[in-house]
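Novice: my_file_38.txt is reproduced in full below (compact mmCIF, C-alpha atoms and all ligand atoms).
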```txt
# COMPACT_ATOMS: atom_id res chain seq x y z
CA MET A 1 23.77 -6.99 32.02
CA ASN A 2 26.67 -9.05 30.76
CA LEU A 3 28.41 -6.92 28.14
CA GLU A 4 30.51 -9.81 26.88
CA LEU A 5 29.03 -11.08 23.62
CA SER A 6 28.40 -14.82 23.19
CA ALA A 7 30.04 -16.76 20.35
CA GLU A 8 26.75 -16.63 18.40
CA GLN A 9 26.37 -12.88 18.88
CA THR A 10 29.98 -12.26 17.85
CA ALA A 11 29.48 -14.41 14.74
CA ALA A 12 26.26 -12.60 13.78
CA ARG A 13 28.00 -9.24 14.18
CA GLN A 14 31.00 -10.34 12.11
CA LEU A 15 28.78 -11.74 9.36
CA ALA A 16 26.89 -8.45 9.17
CA LYS A 17 30.11 -6.43 9.26
CA ASP A 18 31.64 -8.38 6.36
CA PHE A 19 28.38 -8.18 4.39
CA THR A 20 28.12 -4.42 4.98
CA ASP A 21 31.74 -3.77 3.97
CA ARG A 22 31.37 -5.89 0.81
CA GLU A 23 27.78 -5.40 -0.36
CA ILE A 24 26.56 -2.07 1.05
CA THR A 25 29.20 0.57 1.85
CA PRO A 26 30.83 0.59 -1.62
CA TYR A 27 27.44 1.33 -3.25
CA ALA A 28 25.79 3.64 -0.69
CA THR A 29 26.72 6.92 -2.39
CA ALA A 30 25.60 5.71 -5.82
CA TRP A 31 22.26 4.46 -4.42
CA ASP A 32 21.77 7.80 -2.66
CA ARG A 33 22.43 9.70 -5.88
CA ALA A 34 20.16 7.40 -7.90
CA GLU A 35 17.46 7.60 -5.18
CA GLN A 36 17.18 3.81 -5.24
CA VAL A 37 18.92 0.98 -3.49
CA ASP A 38 19.61 -2.04 -5.72
CA ARG A 39 16.62 -4.24 -5.05
CA GLY A 40 18.80 -7.35 -5.25
CA ILE A 41 20.03 -6.48 -1.76
CA VAL A 42 16.75 -7.79 -0.27
CA LYS A 43 17.36 -11.36 -1.44
CA LYS A 44 20.95 -11.21 -0.19
CA LEU A 45 19.75 -10.03 3.23
CA GLY A 46 17.27 -12.91 3.27
CA ASP A 47 19.87 -15.49 2.27
CA LEU A 48 22.02 -14.54 5.26
CA GLY A 49 19.07 -14.78 7.65
CA PHE A 50 19.07 -11.04 8.42
CA LEU A 51 15.36 -10.74 7.51
CA GLY A 52 14.41 -13.54 9.90
CA LEU A 53 16.30 -12.69 13.08
CA THR A 54 14.26 -13.53 16.21
CA VAL A 55 11.53 -15.13 14.06
CA PRO A 56 11.13 -18.85 14.96
CA GLU A 57 12.84 -21.26 12.57
CA GLU A 58 9.60 -23.21 12.00
CA TYR A 59 8.30 -20.15 10.10
CA GLY A 60 11.46 -19.69 8.04
CA GLY A 61 13.16 -17.35 10.49
CA SER A 62 16.76 -17.62 11.61
CA GLY A 63 15.91 -17.42 15.34
CA GLY A 64 18.45 -15.66 17.49
CA ASP A 65 18.09 -13.19 20.31
CA HIS A 66 17.35 -9.46 20.24
CA LEU A 67 20.94 -8.47 21.01
CA SER A 68 22.04 -10.29 17.83
CA TYR A 69 19.31 -8.41 15.96
CA VAL A 70 20.63 -5.11 17.36
CA LEU A 71 24.23 -5.98 16.44
CA VAL A 72 23.24 -6.79 12.85
CA THR A 73 21.10 -3.64 12.62
CA GLU A 74 24.01 -1.48 13.84
CA GLU A 75 26.24 -2.88 11.12
CA LEU A 76 23.67 -2.41 8.34
CA GLY A 77 23.06 1.15 9.60
CA ARG A 78 26.79 1.81 9.51
CA GLY A 79 26.75 0.97 5.80
CA ASP A 80 23.51 2.59 4.62
CA SER A 81 20.46 3.67 6.62
CA SER A 82 18.26 3.03 3.59
CA VAL A 83 19.16 -0.68 3.65
CA ARG A 84 18.90 -0.79 7.43
CA GLY A 85 15.42 0.72 7.20
CA ILE A 86 14.21 -1.93 4.75
CA VAL A 87 15.09 -4.56 7.37
CA SER A 88 13.78 -2.55 10.33
CA VAL A 89 10.38 -2.29 8.65
CA SER A 90 9.98 -5.59 6.77
CA LEU A 91 11.33 -7.69 9.64
CA GLY A 92 11.11 -5.39 12.66
CA LEU A 93 7.67 -3.89 12.19
CA VAL A 94 5.93 -6.46 9.97
CA ALA A 95 7.32 -10.02 10.25
CA LYS A 96 7.94 -9.82 13.99
CA THR A 97 4.41 -8.49 14.48
CA VAL A 98 2.90 -11.29 12.39
CA ALA A 99 4.94 -13.76 14.48
CA ALA A 100 3.62 -12.19 17.70
CA TRP A 101 -0.04 -11.60 16.78
CA GLY A 102 -0.78 -13.82 13.75
CA ASP A 103 -2.81 -17.03 13.66
CA GLU A 104 -1.26 -20.16 12.21
CA GLU A 105 -2.55 -19.47 8.70
CA GLN A 106 -1.23 -15.89 8.66
CA LYS A 107 2.17 -16.99 9.93
CA ARG A 108 2.43 -19.76 7.31
CA ALA A 109 1.24 -17.41 4.54
CA TRP A 110 3.63 -14.51 5.17
CA LEU A 111 6.57 -15.35 7.42
CA PRO A 112 8.56 -17.71 5.13
CA ARG A 113 8.24 -15.18 2.29
CA LEU A 114 9.15 -12.16 4.41
CA THR A 115 12.10 -13.81 6.15
CA SER A 116 13.59 -15.16 2.91
CA GLY A 117 13.34 -11.79 1.16
CA GLU A 118 10.95 -13.17 -1.43
CA ALA A 119 8.41 -10.66 -0.12
CA VAL A 120 8.78 -7.23 1.48
CA GLY A 121 6.47 -5.77 4.11
CA CYS A 122 5.45 -2.22 4.93
CA PHE A 123 3.76 -0.68 7.97
CA GLY A 124 0.80 1.60 7.29
CA LEU A 125 -0.08 3.63 10.36
CA THR A 126 0.60 7.32 9.57
CA GLU A 127 -2.00 9.23 7.54
CA PRO A 128 -1.89 12.63 5.88
CA GLY A 129 -3.83 14.13 8.81
CA THR A 130 -2.57 11.99 11.71
CA GLY A 131 1.11 11.40 12.52
CA SER A 132 1.96 11.68 16.22
CA ASP A 133 -1.75 11.44 17.02
CA ALA A 134 -2.04 8.03 15.34
CA ALA A 135 -4.95 6.92 17.55
CA ASN A 136 -7.17 9.36 15.66
CA LEU A 137 -6.55 7.81 12.24
CA THR A 138 -9.50 7.91 9.88
CA THR A 139 -8.93 5.06 7.36
CA ARG A 140 -12.04 2.91 7.70
CA ALA A 141 -12.68 -0.83 7.20
CA VAL A 142 -16.35 -1.78 6.92
CA ARG A 143 -17.52 -5.37 7.30
CA ASP A 144 -19.36 -6.74 4.25
CA GLY A 145 -20.20 -10.44 4.60
CA ASP A 146 -16.94 -12.38 4.86
CA SER A 147 -14.86 -9.36 3.84
CA TYR A 148 -13.84 -5.90 4.93
CA VAL A 149 -13.87 -2.98 2.50
CA ILE A 150 -11.18 -0.40 3.28
CA ASP A 151 -11.10 3.30 2.29
CA GLY A 152 -8.55 5.91 3.29
CA ALA A 153 -4.95 7.02 2.82
CA LYS A 154 -1.56 6.40 4.41
CA MET A 155 1.43 8.73 4.29
CA PHE A 156 5.24 8.34 4.41
CA ILE A 157 5.15 4.54 4.18
CA THR A 158 8.66 3.04 4.09
CA ASN A 159 8.99 0.24 1.49
CA GLY A 160 5.60 1.45 0.24
CA THR A 161 6.12 0.86 -3.48
CA TRP A 162 8.28 -2.23 -2.96
CA ALA A 163 6.03 -4.05 -0.53
CA ASP A 164 4.05 -7.22 -1.17
CA VAL A 165 2.03 -6.85 2.02
CA VAL A 166 0.86 -3.85 4.00
CA LEU A 167 0.32 -4.16 7.74
CA LEU A 168 -2.49 -1.65 7.73
CA PHE A 169 -4.34 0.02 10.57
CA ALA A 170 -7.96 1.06 10.04
CA ARG A 171 -11.00 1.99 12.07
CA THR A 172 -13.53 -0.87 12.29
CA GLY A 173 -15.95 0.44 14.84
CA ASP A 174 -17.48 3.60 16.21
CA ALA A 175 -15.52 3.36 19.46
CA PRO A 176 -13.50 6.57 19.89
CA GLY A 177 -9.70 6.84 19.67
CA HIS A 178 -7.56 3.74 19.77
CA GLN A 179 -10.40 1.42 20.80
CA GLY A 180 -11.95 1.39 17.34
CA ILE A 181 -8.77 0.44 15.43
CA SER A 182 -7.99 -2.98 13.94
CA ALA A 183 -4.94 -4.31 12.07
CA PHE A 184 -5.05 -6.02 8.66
CA LEU A 185 -2.59 -7.82 6.40
CA VAL A 186 -3.43 -6.34 3.00
CA PRO A 187 -1.76 -7.78 -0.14
CA ALA A 188 -0.18 -4.84 -1.94
CA ASP A 189 -1.62 -5.91 -5.30
CA SER A 190 -5.20 -5.66 -4.02
CA PRO A 191 -7.50 -3.86 -6.50
CA GLY A 192 -8.16 -0.30 -5.32
CA LEU A 193 -4.78 0.10 -3.59
CA GLU A 194 -2.72 2.81 -5.29
CA ARG A 195 0.88 3.55 -4.30
CA ARG A 196 2.53 6.88 -5.07
CA GLU A 197 6.26 7.22 -4.47
CA ILE A 198 7.36 10.31 -2.54
CA HIS A 199 10.44 11.99 -4.02
CA GLY A 200 12.68 14.79 -2.79
CA LYS A 201 13.46 13.41 0.67
CA LEU A 202 16.30 15.03 2.63
CA GLY A 203 17.77 11.62 3.45
CA LEU A 204 17.07 7.89 3.13
CA ARG A 205 16.93 8.61 -0.56
CA GLY A 206 17.65 5.03 -1.54
CA GLN A 207 14.49 3.89 0.18
CA ALA A 208 11.06 3.69 -1.42
CA THR A 209 8.74 5.90 0.64
CA ALA A 210 5.15 6.12 -0.55
CA GLU A 211 1.68 7.46 -0.06
CA LEU A 212 -0.95 4.70 -0.19
CA VAL A 213 -4.48 5.46 -1.31
CA LEU A 214 -7.16 2.86 -0.57
CA ASP A 215 -10.37 3.06 -2.56
CA GLY A 216 -12.75 0.20 -1.82
CA VAL A 217 -9.97 -2.31 -1.11
CA ARG A 218 -11.58 -5.64 -0.25
CA VAL A 219 -9.82 -8.16 2.02
CA PRO A 220 -11.18 -11.37 3.57
CA ALA A 221 -12.15 -11.11 7.24
CA ALA A 222 -9.33 -13.61 7.89
CA ALA A 223 -6.85 -10.82 6.98
CA MET A 224 -7.43 -9.17 10.34
CA LEU A 225 -4.29 -9.44 12.50
CA GLY A 226 -5.07 -9.83 16.19
CA PRO A 227 -8.51 -9.27 17.72
CA GLU A 228 -10.94 -6.68 16.37
CA GLY A 229 -10.45 -3.34 18.13
CA LYS A 230 -6.94 -4.28 19.30
CA GLY A 231 -5.14 -2.80 16.29
CA PHE A 232 -3.64 0.06 18.26
CA SER A 233 -2.07 -2.43 20.71
CA VAL A 234 -0.68 -4.31 17.69
CA ALA A 235 0.82 -1.07 16.35
CA MET A 236 2.27 0.04 19.68
CA SER A 237 3.82 -3.38 20.38
CA ALA A 238 5.47 -3.24 16.95
CA LEU A 239 6.74 0.31 17.51
CA ALA A 240 8.13 -0.39 20.98
CA LYS A 241 10.54 -2.95 19.55
CA GLY A 242 10.87 -0.87 16.38
CA ARG A 243 12.31 1.98 18.44
CA MET A 244 15.12 -0.31 19.54
CA SER A 245 15.80 -1.06 15.89
CA VAL A 246 15.87 2.64 14.98
CA ALA A 247 18.20 3.28 17.92
CA ALA A 248 20.53 0.52 16.68
CA GLY A 249 20.53 2.09 13.21
CA CYS A 250 21.50 5.40 14.84
CA VAL A 251 24.42 3.70 16.61
CA GLY A 252 25.53 2.52 13.18
CA ILE A 253 25.37 6.06 11.79
CA ALA A 254 27.32 7.45 14.75
CA GLN A 255 29.93 4.69 14.41
CA ALA A 256 30.29 5.46 10.71
CA ALA A 257 30.72 9.15 11.61
CA LEU A 258 33.45 8.25 14.10
CA ASP A 259 35.28 5.98 11.63
CA ALA A 260 35.14 8.64 8.91
CA ALA A 261 36.26 11.46 11.21
CA LEU A 262 39.17 9.44 12.58
CA GLY A 263 40.33 8.46 9.11
CA TYR A 264 40.17 11.99 7.72
CA ALA A 265 41.70 13.69 10.77
CA GLY A 266 44.77 11.46 10.48
CA GLU A 267 45.31 12.30 6.80
CA ARG A 268 44.34 15.94 6.39
CA GLU A 269 47.10 18.41 7.24
CA GLN A 270 46.63 22.07 8.17
CA PHE A 271 49.12 24.40 9.89
CA GLY A 272 51.87 21.88 9.15
CA LYS A 273 50.42 18.88 10.96
CA PRO A 274 47.52 16.39 10.74
CA ILE A 275 44.34 18.06 11.96
CA ALA A 276 44.03 15.18 14.50
CA ARG A 277 46.77 16.97 16.43
CA HIS A 278 44.67 20.10 16.90
CA GLN A 279 42.94 20.03 20.28
CA LEU A 280 39.60 21.34 19.02
CA VAL A 281 39.47 18.59 16.37
CA GLN A 282 40.11 16.05 19.13
CA GLU A 283 37.19 17.58 21.00
CA LEU A 284 34.91 16.94 17.99
CA ILE A 285 36.15 13.35 17.76
CA SER A 286 35.82 12.62 21.46
CA ASP A 287 32.28 14.04 21.49
CA ILE A 288 31.36 11.62 18.69
CA ALA A 289 32.96 8.71 20.53
CA VAL A 290 31.04 9.40 23.75
CA ASP A 291 27.78 9.60 21.77
CA VAL A 292 28.55 6.25 20.11
CA ASP A 293 29.18 4.51 23.43
CA ALA A 294 26.23 6.04 25.26
CA ALA A 295 23.79 5.32 22.41
CA ARG A 296 25.10 1.77 22.05
CA LEU A 297 24.80 0.98 25.76
CA LEU A 298 21.23 2.31 25.97
CA THR A 299 20.30 0.26 22.89
CA TRP A 300 21.91 -2.95 24.07
CA ARG A 301 20.08 -2.57 27.38
CA VAL A 302 16.73 -2.64 25.57
CA ALA A 303 17.69 -5.86 23.76
CA ASP A 304 18.85 -7.38 27.03
CA LEU A 305 15.58 -6.47 28.77
CA ILE A 306 13.55 -8.04 25.94
CA ASP A 307 15.69 -11.19 25.92
CA ARG A 308 15.19 -11.55 29.68
CA GLY A 309 11.44 -10.97 29.40
CA GLU A 310 11.56 -7.72 31.41
CA PRO A 311 9.53 -4.54 30.73
CA PHE A 312 11.35 -2.56 28.05
CA VAL A 313 8.99 0.06 26.57
CA THR A 314 10.32 3.10 28.46
CA ALA A 315 13.91 1.95 27.94
CA ALA A 316 13.21 1.69 24.20
CA SER A 317 11.91 5.28 24.12
CA LYS A 318 14.98 6.49 26.03
CA ALA A 319 17.31 4.67 23.65
CA LYS A 320 15.50 5.93 20.56
CA LEU A 321 15.38 9.51 21.87
CA PHE A 322 19.05 9.62 22.84
CA ALA A 323 20.46 7.61 19.94
CA SER A 324 18.62 9.59 17.27
CA GLU A 325 19.74 12.95 18.67
CA ALA A 326 23.24 11.52 19.17
CA ALA A 327 23.41 10.33 15.55
CA VAL A 328 22.52 13.83 14.30
CA ARG A 329 25.15 15.36 16.62
CA ALA A 330 27.79 12.80 15.67
CA ALA A 331 27.23 13.19 11.94
CA GLY A 332 27.33 17.00 12.33
CA ASN A 333 30.59 16.81 14.29
CA ALA A 334 32.09 14.49 11.67
CA LEU A 335 31.08 16.91 8.92
CA GLN A 336 32.88 19.67 10.85
CA VAL A 337 36.04 17.54 10.95
CA PHE A 338 35.86 17.24 7.15
CA GLY A 339 35.49 20.99 6.68
CA GLY A 340 34.33 21.95 3.18
CA TYR A 341 34.90 18.41 1.91
CA GLY A 342 32.17 17.22 4.28
CA TYR A 343 29.71 19.26 2.29
CA ILE A 344 30.08 17.32 -0.96
CA ASP A 345 28.89 13.76 -1.43
CA GLU A 346 32.26 12.47 -2.58
CA TYR A 347 32.73 11.97 1.17
CA PRO A 348 30.25 10.04 3.32
CA VAL A 349 29.51 12.43 6.19
CA GLY A 350 26.92 14.67 4.49
CA LYS A 351 24.79 11.62 3.74
CA LEU A 352 25.16 10.44 7.34
CA LEU A 353 23.78 13.76 8.56
CA ARG A 354 20.87 13.71 6.08
CA ASP A 355 20.04 10.09 6.92
CA ALA A 356 20.30 10.72 10.67
CA ARG A 357 17.86 13.61 10.67
CA VAL A 358 14.72 11.52 10.10
CA MET A 359 15.54 9.32 13.08
CA THR A 360 14.32 12.08 15.41
CA LEU A 361 11.04 12.17 13.49
CA TYR A 362 9.73 8.69 12.72
CA GLU A 363 8.47 5.94 14.98
CA GLY A 364 7.57 8.77 17.37
CA THR A 365 9.28 12.17 17.26
CA SER A 366 11.70 13.17 20.03
CA GLN A 367 8.86 15.11 21.64
CA ILE A 368 6.64 12.01 21.63
CA GLN A 369 9.43 9.89 23.20
CA LYS A 370 9.71 12.51 25.97
CA LEU A 371 5.96 12.26 26.58
CA VAL A 372 6.22 8.44 26.78
CA ILE A 373 9.10 8.68 29.27
CA GLY A 374 7.36 11.47 31.20
CA ARG A 375 4.15 9.44 31.45
CA ALA A 376 6.06 6.43 32.80
CA LEU A 377 7.84 8.56 35.41
CA THR A 378 4.95 10.73 36.58
CA GLY A 379 2.02 8.42 35.97
CA VAL A 380 0.32 11.31 34.14
CA SER A 381 -0.34 11.32 30.39
CA ALA A 382 0.51 14.69 28.83
CA PHE A 383 -0.43 13.67 25.27
P1 LIG A 401 3.16 15.75 13.46
O1 LIG A 401 2.58 14.67 14.31
O2 LIG A 401 2.23 16.66 12.77
O3 LIG A 401 4.16 16.59 14.37
C1 LIG A 401 4.64 17.88 14.01
C2 LIG A 401 5.41 18.45 15.20
O4 LIG A 401 4.54 18.57 16.33
C3 LIG A 401 6.55 17.54 15.64
O5 LIG A 401 7.65 18.31 16.07
C4 LIG A 401 5.97 16.79 16.83
O6 LIG A 401 6.96 16.33 17.75
C5 LIG A 401 5.09 17.87 17.45
N1 LIG A 401 4.01 17.32 18.26
C6 LIG A 401 2.93 16.60 17.84
N2 LIG A 401 2.17 16.26 18.89
C7 LIG A 401 2.79 16.75 20.00
C8 LIG A 401 2.50 16.72 21.39
N3 LIG A 401 1.43 16.08 21.89
N4 LIG A 401 3.35 17.36 22.23
C9 LIG A 401 4.47 17.98 21.75
N5 LIG A 401 4.79 18.04 20.46
C10 LIG A 401 3.97 17.43 19.60
N6 LIG A 401 4.83 6.09 9.22
C11 LIG A 401 4.31 4.84 9.08
O7 LIG A 401 3.21 4.55 9.53
N7 LIG A 401 5.04 3.87 8.45
C12 LIG A 401 6.27 4.09 7.94
O8 LIG A 401 6.88 3.18 7.37
C13 LIG A 401 6.82 5.41 8.03
N8 LIG A 401 8.02 5.70 7.46
C14 LIG A 401 8.44 7.01 7.42
C15 LIG A 401 9.56 7.35 6.67
C16 LIG A 401 9.96 8.67 6.55
C17 LIG A 401 11.14 9.01 5.70
C18 LIG A 401 9.25 9.68 7.24
C19 LIG A 401 9.64 11.12 7.15
C20 LIG A 401 8.15 9.35 8.00
C21 LIG A 401 7.72 8.02 8.10
N9 LIG A 401 6.56 7.68 8.79
C22 LIG A 401 6.05 6.41 8.69
C23 LIG A 401 5.76 8.70 9.44
C24 LIG A 401 6.34 9.18 10.78
O9 LIG A 401 6.20 8.18 11.76
C25 LIG A 401 5.64 10.49 11.12
O10 LIG A 401 6.15 11.47 10.23
C26 LIG A 401 5.87 10.90 12.57
O11 LIG A 401 5.14 10.06 13.42
C27 LIG A 401 5.44 12.34 12.85
O12 LIG A 401 4.15 12.60 12.34
P2 LIG A 401 3.88 13.89 11.43
O13 LIG A 401 4.93 13.90 10.39
O14 LIG A 401 2.47 13.88 11.02
O15 LIG A 401 4.18 15.12 12.40
```
Please express what this file holds, its structure, as structure tokens.

Specialist:
Amino acid sequence: MNLELSAEQTAARQLAKDFTDREITPYATAWDRAEQVDRGIVKKLGDLGFLGLTVPEEYGGSGGDHLSYVLVTEELGRGDSSVRGIVSVSLGLVAKTVAAWGDEEQKRAWLPRLTSGEAVGCFGLTEPGTGSDAANLTTRAVRDGDSYVIDGAKMFITNGTWADVVLLFARTGDAPGHQGISAFLVPADSPGLERREIHGKLGLRGQATAELVLDGVRVPAAAMLGPEGKGFSVAMSALAKGRMSVAAGCVGIAQAALDAALGYAGEREQFGKPIARHQLVQELISDIAVDVDAARLLTWRVADLIDRGEPFVTAASKAKLFASEAAVRAAGNALQVFGGYGYIDEYPVGKLLRDARVMTLYEGTSQIQKLVIGRALTGVSAF
């Protein structure tokens, strides 16, 4: 892998860095306290092309390669994981999946709106009773003439109350496990679809996370995304690339932890000198720095594999597993550098730790990533 960034990649990174420093970082604490990001950020992200990265220009996307996408995601994650998550889901899990699996009509209907920020997407896989074991989901879509009628519930859906379209996974046949699942593009204003915001989250407080309840929601048969019975493949293909996006967000958190720790250690004095001159503080800082580099290199490798058309699924699980645990460690180490001041939200590190924690849980917990990696290495599924 060539680690030297191209002129386009450097420009994308710089654009995202400037945007983050100007439009996100100054507001992140206030959004966290208010439990809501300013919704105007979505349009701004769309205007800069950040909601259309890797989506072909003919569908309103801004094109670009996956390494550029990772670089932009790192920067957004450095500013606020709640904003980063809006992009990771609306673009990473929804728009990119419509681009990969949609027919012409579906692409024309949704991609220009999603990539411009006019519409927001959400990804409805998890249910109250099935998280890691997603293949056993119970939401059901029954064919009725030219329509499907959907009943069920979805849990912990990022962008849930903001979304205009739900990429929803439901059982369409009697085939057991993943074979009976199909994917649908469900307009969020469909009659019978109720969205309940979930409050009291440990982190990602600025993000709208919701429970979705579907009671006789009717969609045209043409709303099915991909072939009938292939919905689980649709979901897994989305999540494989999604894990790269989560990993990039974790690199951003770890980088923010490093920046904050370095700044504070140079200013804060104890025992007559800046704490940066105490060896054990340097240990905390160097541990963060190694985590940043290692997480970044694993994440960039996934993007490089995708851009070269190589298999990347196991590499994405490794990057997500390591980067998410590294982000938690890095934010915890940064909080230690801040001492008691790290524990109040006047300083950024407590929020970094709270936001990092969910990264080891969603899009496959750390345990699930280990099972994916273990299956690839041994050839034996231990799920
Ligand atoms: P469970 O699956 O019940 O797991 C509980 C524990 O058991 C975990 O430690 C897990 O690792 C362990 N475990 C389970 N199975 C095994 C096994 N076979 N071997 C070893 N250990 C195992 N979902 C969506 O579909 N769309 C979203 O947009 C979305 N956004 C989210 C946002 C937030 C803030 C959160 C918290 C969650 C979100 N999720 C979303 C759901 C998320 O993906 C699930 O929470 C996650 O997959 C874990 O499922 P669960 O919570 O049901 O935990």

Novice: To one decimal place, how far is atom CA of Trp101 of chain A from atom CA of Val166 of chain A in Å?

Specialist: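 Between atom CA of Trp101 of chain A and atom CA of Val166 of chain A the gap is 15.0 Å.
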
Novice: Could you check the closest approach to ligand LIG 401 (chain A) for each of A:Phe232, A:Tyr343, A:Tyr264, A:Phe338 and tell me which residue wins, using all atoms listed in the file?

Specialist: A:Phe232

Novice: Can you pull out every residue with an atom within 7 Å of ligand LIG 401 (chain A)? Use all atoms listed in the file and format it as number ranges by chain.

Specialist: A: 89, 122-126, 128-133, 155-159, 204, 209, 358, 361-368, 383

Novice: Find the distance between atom CA of Arg243 of chain A and atom CA of Ile306 of chain A and write it in Å to one decimal.

Specialist: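 Computing it gives 12.6 Å between the two atoms.
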
Novice: Which residue is closest to His278 of chain A? Choose from A:Ala141, A:Val94, A:Val217, A:Val337 and count only C-alpha atoms.

Specialist: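 Smallest distance to His278 of chain A is found for A:Val337.
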
Novice: Excluding segment 69-80 of chain A and its own-chain neighbours fewer than 4 positions away, which residues fall within 9 Å of it when counting only C-alpha atoms? Please give them as a PyMOL selection string.

Specialist: chain A and resi 9-10+12-17+19-21+23-29+50+53-54+64-65+84-85+87-88+204+206+244-257+296+299-300+303+352+355
